[in-house]
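A.B. asks: Structure incoming, see below.
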Amino acid sequence: MSRLILAGAGHAHLHVLKSLAQHRWPGVEVILLTPYARQIYSGMVPGWMAGHYTLNQCAASLHHLASAAGVSLRLESLTAIDAATQTVDTSSGTRLHYDALSIDTGASVDVSSLTTSGARCLSIRPLERFVEDWTSLLDAAHRQGSWRLAVVGGGAAGVELALAAQYRLAHEIGRANACVSLVSGNELLPGHGIRIREQVSACLRERGITVIRARAAGSPDGLLLDDGTTLAVDAFIASTGVQPPSWLALSGLALTPDGFIAVGEGQQSISHAQVFAGGDIASRIDHPHAKSGVYAVKSGPVLAENLQRTLQGQPPSPYTPQRRSLYLLATGPKEAVMSWNGLSARAGWVWRWKDWIDRRFMRQYAPGQK
Ligand SMILES: Cc1cc2nc3c(=O)[nH]c(=O)nc-3n(C[C@H](O)[C@H](O)[C@H](O)COP(=O)(O)OP(=O)(O)OC[C@H]3O[C@@H](n4cnc5c(N)ncnc54)[C@H](O)[C@@H]3O)c2cc1C
């Protein structure tokens, strides 16, 4: 019997679980390491914050998926990898040997420069903590009757979070009592086309969200901007881009200069043939691409095939990630902005399209689906 360890239940591993539920791999014991019993789908989180979804609609039950796949679920985190001895350590203090290891634990958010803030910090990762923090923020805003919130990070996630937060706070305590700022760094939506940046800027303006093109650090009153001014806030959401988890540095795996797992065609580690990675924790060195859920989803079928091939002693099949991806950004109400290859549109139908895609994605992982 050989042993496959799946670390993390990110987008790619959800597909591996589904694939195992359809066809078990004979002679393979599969273990899933994950700190939480459900996987919250980030694409629907802004819609949940805005009040359009319940949390159950945005989450897949890992108990259900693991049991359907014949996978042994261990509710513990991966804390270390020793690629030389093919072992991993877990948060319960256990050391496990693997014949193949697949890593889809996502990335972390760097909040180190923000921790000195006197305001509440809501980090977007892990999502499990974020959903608790957002719920308690809404309670606090109700009690106080007014709320000043900043979102730090001007990428696609930061924009969606600011718009969702403003929409919900305005609904809960009144628009005049909800003051939302987006601290975007030097540029709003870096890497995106001019048309979508203009549409998003117009939308933020209409909603009364102040965009501050500065970098922020923590200060006793809230945030200290790099022009020396202070932004007083009750709370801020940190959506400041991704960084690799700290345990990766000592793993012995080949890493990219920014510390992510260097993988080649087939999502295989370039240094250790028994190790594969997908989603935000992996960086394709042959075809660099943005870290987004779209690529994480696409790497799922690749991992499912190549893990099985590796365990059968076959070389992995190559996979070329798509060069462009569709972005659908929710804007708070049931409206969204789309961006594809320089084209963009903002409308209710874009929301309905996004809603249809997201619900279809989650339906695959609902009980009773094969
Ligand atoms: C608000 C928001 C909205 C977004 N919307 C979109 C969108 O619309 N489209 C898009 O393409 N991208 C979107 N993104 C980006 C997208 O969320 C990420 O690119 C995507 O989640 C990466 O998926 P992943 O599979 O790498 O890991 P994740 O989805 O981050 O999942 C990782 C899993 O691993 C678990 N884990 C973490 N550490 C460990 C550990 N040490 N051991 C075991 N398990 C661990 C976590 O609990 C989690 O279950 C959004 C991001 C945010 C924050």
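All residue names refer to the structure tokens as shown: chains lettered A, B, ... in order, residues numbered from 1 in each chain, ligands numbered from 1 in order.
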Quick one: everything within 12 Å of Ile194 (chain A), counting only C-alpha atoms, minus sequence neighbours fewer than 6 positions away in the same chain. Send it as a PyMOL selection string.

C.D. replies: chain A and resi 187-188+200-201+339-344

A.B. asks: So which residues touch region 223-226 of chain A within 12 Å, counting only C-alpha atoms, skipping near sequence neighbours fewer than 5 positions away, as a PyMOL selection string?

C.D. replies: chain A and resi 113-121+148-152+181-186+212-218+231-238

A.B. asks: Separation of CA of Glu172 (chain A) and CA of Ala347 (chain A), in Å?

C.D. replies: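 These atoms are spaced 23.8 Å apart.
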
A.B. asks: Which residue is closest to ligand 1? Choose from A:Ala296, A:Ala304, A:Cys203, A:Leu138 and count only C-alpha atoms and all ligand atoms.

C.D. replies: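 Nearest candidate to ligand 1 out of A:Ala296, A:Ala304, A:Cys203, A:Leu138: A:Ala296.
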
A.B. asks: Can you list, as JSON, numbers by chain, every protein, DNA or RNA residue that comes within 9 Å of Leu189 (chain A) when you count only C-alpha atoms, leaving out same-chain residues fewer than 6 positions away?

C.D. replies: {"A": [154, 155, 156, 158, 159, 196, 197, 200]}

A.B. asks: Tell me which protein, DNA and RNA residues are within 9 Å of Leu163 (chain A), counting only C-alpha atoms, leaving out same-chain ones fewer than 6 positions away, and put them as a list in words.

C.D. replies: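 Here the answer would be Pro46, Ala50, Val180, Cys203, Leu204, Arg207, Ile209, Ala330, Thr331, Gly332 and Pro333 of chain A.
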
A.B. asks: Taking all heavy atoms for each residue, export the selection above as an mmCIF file, in the first residue's frame.

C.D. replies:
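Listed below is the output, part_3.cif:
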```cif
data_model
loop_
_atom_site.group_PDB
_atom_site.id
_atom_site.type_symbol
_atom_site.label_atom_id
_atom_site.label_comp_id
_atom_site.auth_asym_id
_atom_site.auth_seq_id
_atom_site.Cartn_x
_atom_site.Cartn_y
_atom_site.Cartn_z
ATOM 1 N N PRO A 46 -17.450 37.767 -0.885
ATOM 2 C CA PRO A 46 -18.032 39.116 -0.955
ATOM 3 C C PRO A 46 -19.561 39.079 -1.019
ATOM 4 O O PRO A 46 -20.237 39.910 -0.401
ATOM 5 C CB PRO A 46 -17.417 39.699 -2.238
ATOM 6 C CG PRO A 46 -16.106 38.960 -2.393
ATOM 7 C CD PRO A 46 -16.430 37.557 -1.940
ATOM 8 N N ALA A 50 -22.116 40.731 1.695
ATOM 9 C CA ALA A 50 -23.176 41.657 1.268
ATOM 10 C C ALA A 50 -24.557 41.165 1.705
ATOM 11 O O ALA A 50 -25.525 41.918 1.668
ATOM 12 C CB ALA A 50 -23.122 41.836 -0.248
ATOM 13 N N VAL A 180 -16.292 54.074 4.468
ATOM 14 C CA VAL A 180 -15.382 53.011 4.001
ATOM 15 C C VAL A 180 -14.309 53.621 3.104
ATOM 16 O O VAL A 180 -14.601 54.414 2.215
ATOM 17 C CB VAL A 180 -16.163 51.905 3.237
ATOM 18 C CG1 VAL A 180 -15.213 50.829 2.712
ATOM 19 C CG2 VAL A 180 -17.219 51.270 4.143
ATOM 20 N N CYS A 203 -17.343 53.154 -9.913
ATOM 21 C CA CYS A 203 -18.245 52.457 -8.992
ATOM 22 C C CYS A 203 -17.897 52.800 -7.544
ATOM 23 O O CYS A 203 -18.776 53.103 -6.725
ATOM 24 C CB CYS A 203 -18.103 50.952 -9.255
ATOM 25 S SG CYS A 203 -19.183 49.967 -8.270
ATOM 26 N N LEU A 204 -16.589 52.793 -7.223
ATOM 27 C CA LEU A 204 -16.165 53.126 -5.853
ATOM 28 C C LEU A 204 -16.600 54.552 -5.503
ATOM 29 O O LEU A 204 -17.087 54.812 -4.398
ATOM 30 C CB LEU A 204 -14.641 52.986 -5.732
ATOM 31 C CG LEU A 204 -14.102 51.547 -5.782
ATOM 32 C CD1 LEU A 204 -12.599 51.541 -6.083
ATOM 33 C CD2 LEU A 204 -14.350 50.824 -4.466
ATOM 34 N N ARG A 207 -20.313 54.821 -4.758
ATOM 35 C CA ARG A 207 -20.675 54.241 -3.451
ATOM 36 C C ARG A 207 -20.115 55.041 -2.284
ATOM 37 O O ARG A 207 -20.257 54.634 -1.131
ATOM 38 C CB ARG A 207 -20.163 52.799 -3.361
ATOM 39 C CG ARG A 207 -20.649 51.902 -4.460
ATOM 40 C CD ARG A 207 -22.086 51.470 -4.236
ATOM 41 N NE ARG A 207 -22.667 51.002 -5.479
ATOM 42 C CZ ARG A 207 -22.354 49.860 -6.072
ATOM 43 N NH1 ARG A 207 -21.501 49.049 -5.519
ATOM 44 N NH2 ARG A 207 -22.920 49.527 -7.210
ATOM 45 N N ILE A 209 -16.945 55.414 -1.531
ATOM 46 C CA ILE A 209 -15.737 54.800 -0.950
ATOM 47 C C ILE A 209 -14.531 55.649 -1.354
ATOM 48 O O ILE A 209 -14.300 55.881 -2.546
ATOM 49 C CB ILE A 209 -15.562 53.341 -1.441
ATOM 50 C CG1 ILE A 209 -16.755 52.499 -0.986
ATOM 51 C CG2 ILE A 209 -14.239 52.750 -0.956
ATOM 52 C CD1 ILE A 209 -16.791 51.088 -1.544
ATOM 53 N N ALA A 330 -17.676 41.290 -7.912
ATOM 54 C CA ALA A 330 -18.964 41.712 -7.334
ATOM 55 C C ALA A 330 -18.823 43.126 -6.792
ATOM 56 O O ALA A 330 -17.787 43.476 -6.214
ATOM 57 C CB ALA A 330 -19.343 40.748 -6.217
ATOM 58 N N THR A 331 -19.867 43.933 -6.955
ATOM 59 C CA THR A 331 -19.762 45.345 -6.539
ATOM 60 C C THR A 331 -20.651 45.696 -5.342
ATOM 61 O O THR A 331 -20.892 46.871 -5.080
ATOM 62 C CB THR A 331 -20.111 46.297 -7.706
ATOM 63 O OG1 THR A 331 -21.507 46.168 -7.978
ATOM 64 C CG2 THR A 331 -19.303 46.011 -8.953
ATOM 65 N N GLY A 332 -21.151 44.712 -4.629
ATOM 66 C CA GLY A 332 -21.986 44.995 -3.453
ATOM 67 C C GLY A 332 -23.424 44.549 -3.681
ATOM 68 O O GLY A 332 -23.832 43.488 -3.227
ATOM 69 N N PRO A 333 -24.229 45.336 -4.419
ATOM 70 C CA PRO A 333 -25.578 44.861 -4.740
ATOM 71 C C PRO A 333 -25.472 43.742 -5.783
ATOM 72 O O PRO A 333 -24.373 43.330 -6.125
ATOM 73 C CB PRO A 333 -26.251 46.102 -5.330
ATOM 74 C CG PRO A 333 -25.145 46.946 -5.830
ATOM 75 C CD PRO A 333 -23.958 46.667 -4.964
#
```

A.B. asks: Please compute the CA of Ala107 (chain A)-CA of Asp133 (chain A) distance, one decimal, in Å.

C.D. replies: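 Taking CA of Ala107 (chain A) as the start and CA of Asp133 (chain A) as the end point, the length is 19.3 Å.
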
A.B. asks: DSSP on the backbone: what in region 13-130 of chain A comes out alpha helix (DSSP H), as a list of chain:residue names?

C.D. replies: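 Answer for region 13-130 of chain A restricted to alpha helix (DSSP H) is A:His13, A:Leu14, A:His15, A:Val16, A:Leu17, A:Lys18, A:Ser19, A:Leu20, A:Ala21, A:Gln22, A:Val45, A:Pro46, A:Gly47, A:Trp48, A:Met49, A:Ala50, A:Leu62, A:His63, A:His64, A:Leu65, A:Ala66, A:Ser67, A:Ala68, A:Ala69, A:Leu127, A:Glu128, A:Arg129, A:Phe130.
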
A.B. asks: Name the closest residue to ligand 1 among the candidates A:Asp227, A:Glu305, A:Asp104, A:Asp89; distances are taken between atoms, counting only C-alpha atoms and all ligand atoms.

C.D. replies: A:Asp104

A.B. asks: Enter the distance from CA of Trp25 (chain A) to CA of Arg359 (chain A), in Å, rounded to one decimal.

C.D. replies: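 Distance reported for this atom pair: 28.7 Å.
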
A.B. asks: Please, which residues of region 98-224 of chain A, numbered as in this document, come out strand (DSSP E or B) from DSSP, as an MDAnalysis selection string?

C.D. replies: chainID A and resid 100:103 108:109 120:123 147:152 178:183 210:212 216:219 222:224

A.B. asks: Using only C-alpha atoms and all ligand atoms, pick whichever of A:Ala100, A:Val263, A:Leu17, A:Leu326 has the shortest atom-to-atom distance to ligand 1.

C.D. replies: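 So, comparing all the options, the nearest one is A:Leu326.
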
A.B. asks: Neighbouring residues of region 248-251 of chain A were defined as those with any atom within 8 Å, considering only C-alpha atoms; residues of the same chain fewer than 3 positions away were excluded. Please report them as an mmCIF file with all heavy atoms, in the first residue's frame.

C.D. replies:
```cif
data_model
loop_
_atom_site.group_PDB
_atom_site.id
_atom_site.type_symbol
_atom_site.label_atom_id
_atom_site.label_comp_id
_atom_site.auth_asym_id
_atom_site.auth_seq_id
_atom_site.Cartn_x
_atom_site.Cartn_y
_atom_site.Cartn_z
ATOM 1 N N ALA A 80 5.298 21.132 8.927
ATOM 2 C CA ALA A 80 6.659 21.043 8.372
ATOM 3 C C ALA A 80 6.703 19.939 7.326
ATOM 4 O O ALA A 80 5.928 18.978 7.386
ATOM 5 C CB ALA A 80 7.662 20.738 9.486
ATOM 6 N N ILE A 81 7.617 20.131 6.367
ATOM 7 C CA ILE A 81 7.876 19.089 5.362
ATOM 8 C C ILE A 81 9.374 18.824 5.395
ATOM 9 O O ILE A 81 10.167 19.774 5.451
ATOM 10 C CB ILE A 81 7.515 19.566 3.935
ATOM 11 C CG1 ILE A 81 6.046 19.931 3.829
ATOM 12 C CG2 ILE A 81 7.886 18.512 2.894
ATOM 13 C CD1 ILE A 81 5.671 20.573 2.484
ATOM 14 N N ASP A 82 9.744 17.549 5.358
ATOM 15 C CA ASP A 82 11.152 17.230 5.114
ATOM 16 C C ASP A 82 11.177 16.432 3.814
ATOM 17 O O ASP A 82 10.900 15.226 3.801
ATOM 18 C CB ASP A 82 11.731 16.420 6.288
ATOM 19 C CG ASP A 82 13.216 16.171 6.091
ATOM 20 O OD1 ASP A 82 13.707 16.326 4.944
ATOM 21 O OD2 ASP A 82 13.899 15.833 7.074
ATOM 22 N N ALA A 83 11.472 17.138 2.749
ATOM 23 C CA ALA A 83 11.387 16.502 1.424
ATOM 24 C C ALA A 83 12.440 15.408 1.274
ATOM 25 O O ALA A 83 12.251 14.457 0.513
ATOM 26 C CB ALA A 83 11.554 17.562 0.337
ATOM 27 N N PRO A 244 4.169 33.239 1.069
ATOM 28 C CA PRO A 244 4.182 31.802 1.346
ATOM 29 C C PRO A 244 4.104 31.526 2.842
ATOM 30 O O PRO A 244 4.555 32.349 3.638
ATOM 31 C CB PRO A 244 5.545 31.350 0.779
ATOM 32 C CG PRO A 244 6.362 32.592 0.702
ATOM 33 C CD PRO A 244 5.434 33.755 0.566
ATOM 34 N N PRO A 245 3.572 30.370 3.234
ATOM 35 C CA PRO A 245 3.555 30.047 4.666
ATOM 36 C C PRO A 245 4.980 29.844 5.176
ATOM 37 O O PRO A 245 5.859 29.415 4.431
ATOM 38 C CB PRO A 245 2.748 28.748 4.737
ATOM 39 C CG PRO A 245 2.755 28.189 3.357
ATOM 40 C CD PRO A 245 2.961 29.325 2.412
ATOM 41 N N LEU A 255 12.313 26.426 -4.222
ATOM 42 C CA LEU A 255 11.329 27.514 -4.122
ATOM 43 C C LEU A 255 11.676 28.611 -5.125
ATOM 44 O O LEU A 255 12.837 28.728 -5.550
ATOM 45 C CB LEU A 255 11.328 28.104 -2.704
ATOM 46 C CG LEU A 255 11.124 27.120 -1.540
ATOM 47 C CD1 LEU A 255 11.191 27.862 -0.202
ATOM 48 C CD2 LEU A 255 9.785 26.381 -1.661
ATOM 49 N N GLY A 259 9.641 32.676 -2.609
ATOM 50 C CA GLY A 259 9.385 31.693 -1.557
ATOM 51 C C GLY A 259 8.256 30.702 -1.797
ATOM 52 O O GLY A 259 7.903 29.929 -0.898
ATOM 53 N N PHE A 260 7.656 30.671 -2.994
ATOM 54 C CA PHE A 260 6.590 29.699 -3.281
ATOM 55 C C PHE A 260 7.206 28.414 -3.876
ATOM 56 O O PHE A 260 8.369 28.421 -4.310
ATOM 57 C CB PHE A 260 5.560 30.310 -4.239
ATOM 58 C CG PHE A 260 4.765 31.426 -3.611
ATOM 59 C CD1 PHE A 260 5.155 32.754 -3.758
ATOM 60 C CD2 PHE A 260 3.656 31.145 -2.826
ATOM 61 C CE1 PHE A 260 4.445 33.787 -3.150
ATOM 62 C CE2 PHE A 260 2.935 32.171 -2.211
ATOM 63 C CZ PHE A 260 3.335 33.492 -2.376
ATOM 64 N N ILE A 261 6.419 27.339 -3.912
ATOM 65 C CA ILE A 261 6.952 26.065 -4.413
ATOM 66 C C ILE A 261 7.131 26.145 -5.926
ATOM 67 O O ILE A 261 6.170 26.420 -6.658
ATOM 68 C CB ILE A 261 6.005 24.888 -4.060
ATOM 69 C CG1 ILE A 261 5.788 24.809 -2.549
ATOM 70 C CG2 ILE A 261 6.551 23.565 -4.602
ATOM 71 C CD1 ILE A 261 4.753 23.778 -2.120
#
```

A.B. asks: Between A:Trp349, A:Tyr319, A:Trp147, A:Phe361, which residue has the minimum interatomic distance to ligand 1, considering only C-alpha atoms and all ligand atoms?

C.D. replies: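 Ranking A:Trp349, A:Tyr319, A:Trp147, A:Phe361 by distance to ligand 1, first place goes to A:Phe361.
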
A.B. asks: With distances taken over only C-alpha atoms and all ligand atoms, which of A:Leu14, A:Ala273, A:Ala66, A:Leu4 is nearest to ligand 1?

C.D. replies: A:Leu14

A.B. asks: Smallest atom-to-atom distance to Pro315 (chain A): which of A:Gly228, A:Gly208, A:Gly106, A:Gly266, using only C-alpha atoms?

C.D. replies: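 Nearest candidate to Pro315 (chain A) out of A:Gly228, A:Gly208, A:Gly106, A:Gly266: A:Gly266.
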
A.B. asks: Within 10 Å of region 277-286 of chain A, counting only C-alpha atoms, which residues show up once you throw out same-chain ones fewer than 3 positions away? Write them as a ChimeraX atom specification, please.

C.D. replies: /A:6-7,10-13,101-108,242-245,248,255-256,258-270,289-300,302-303,320-321
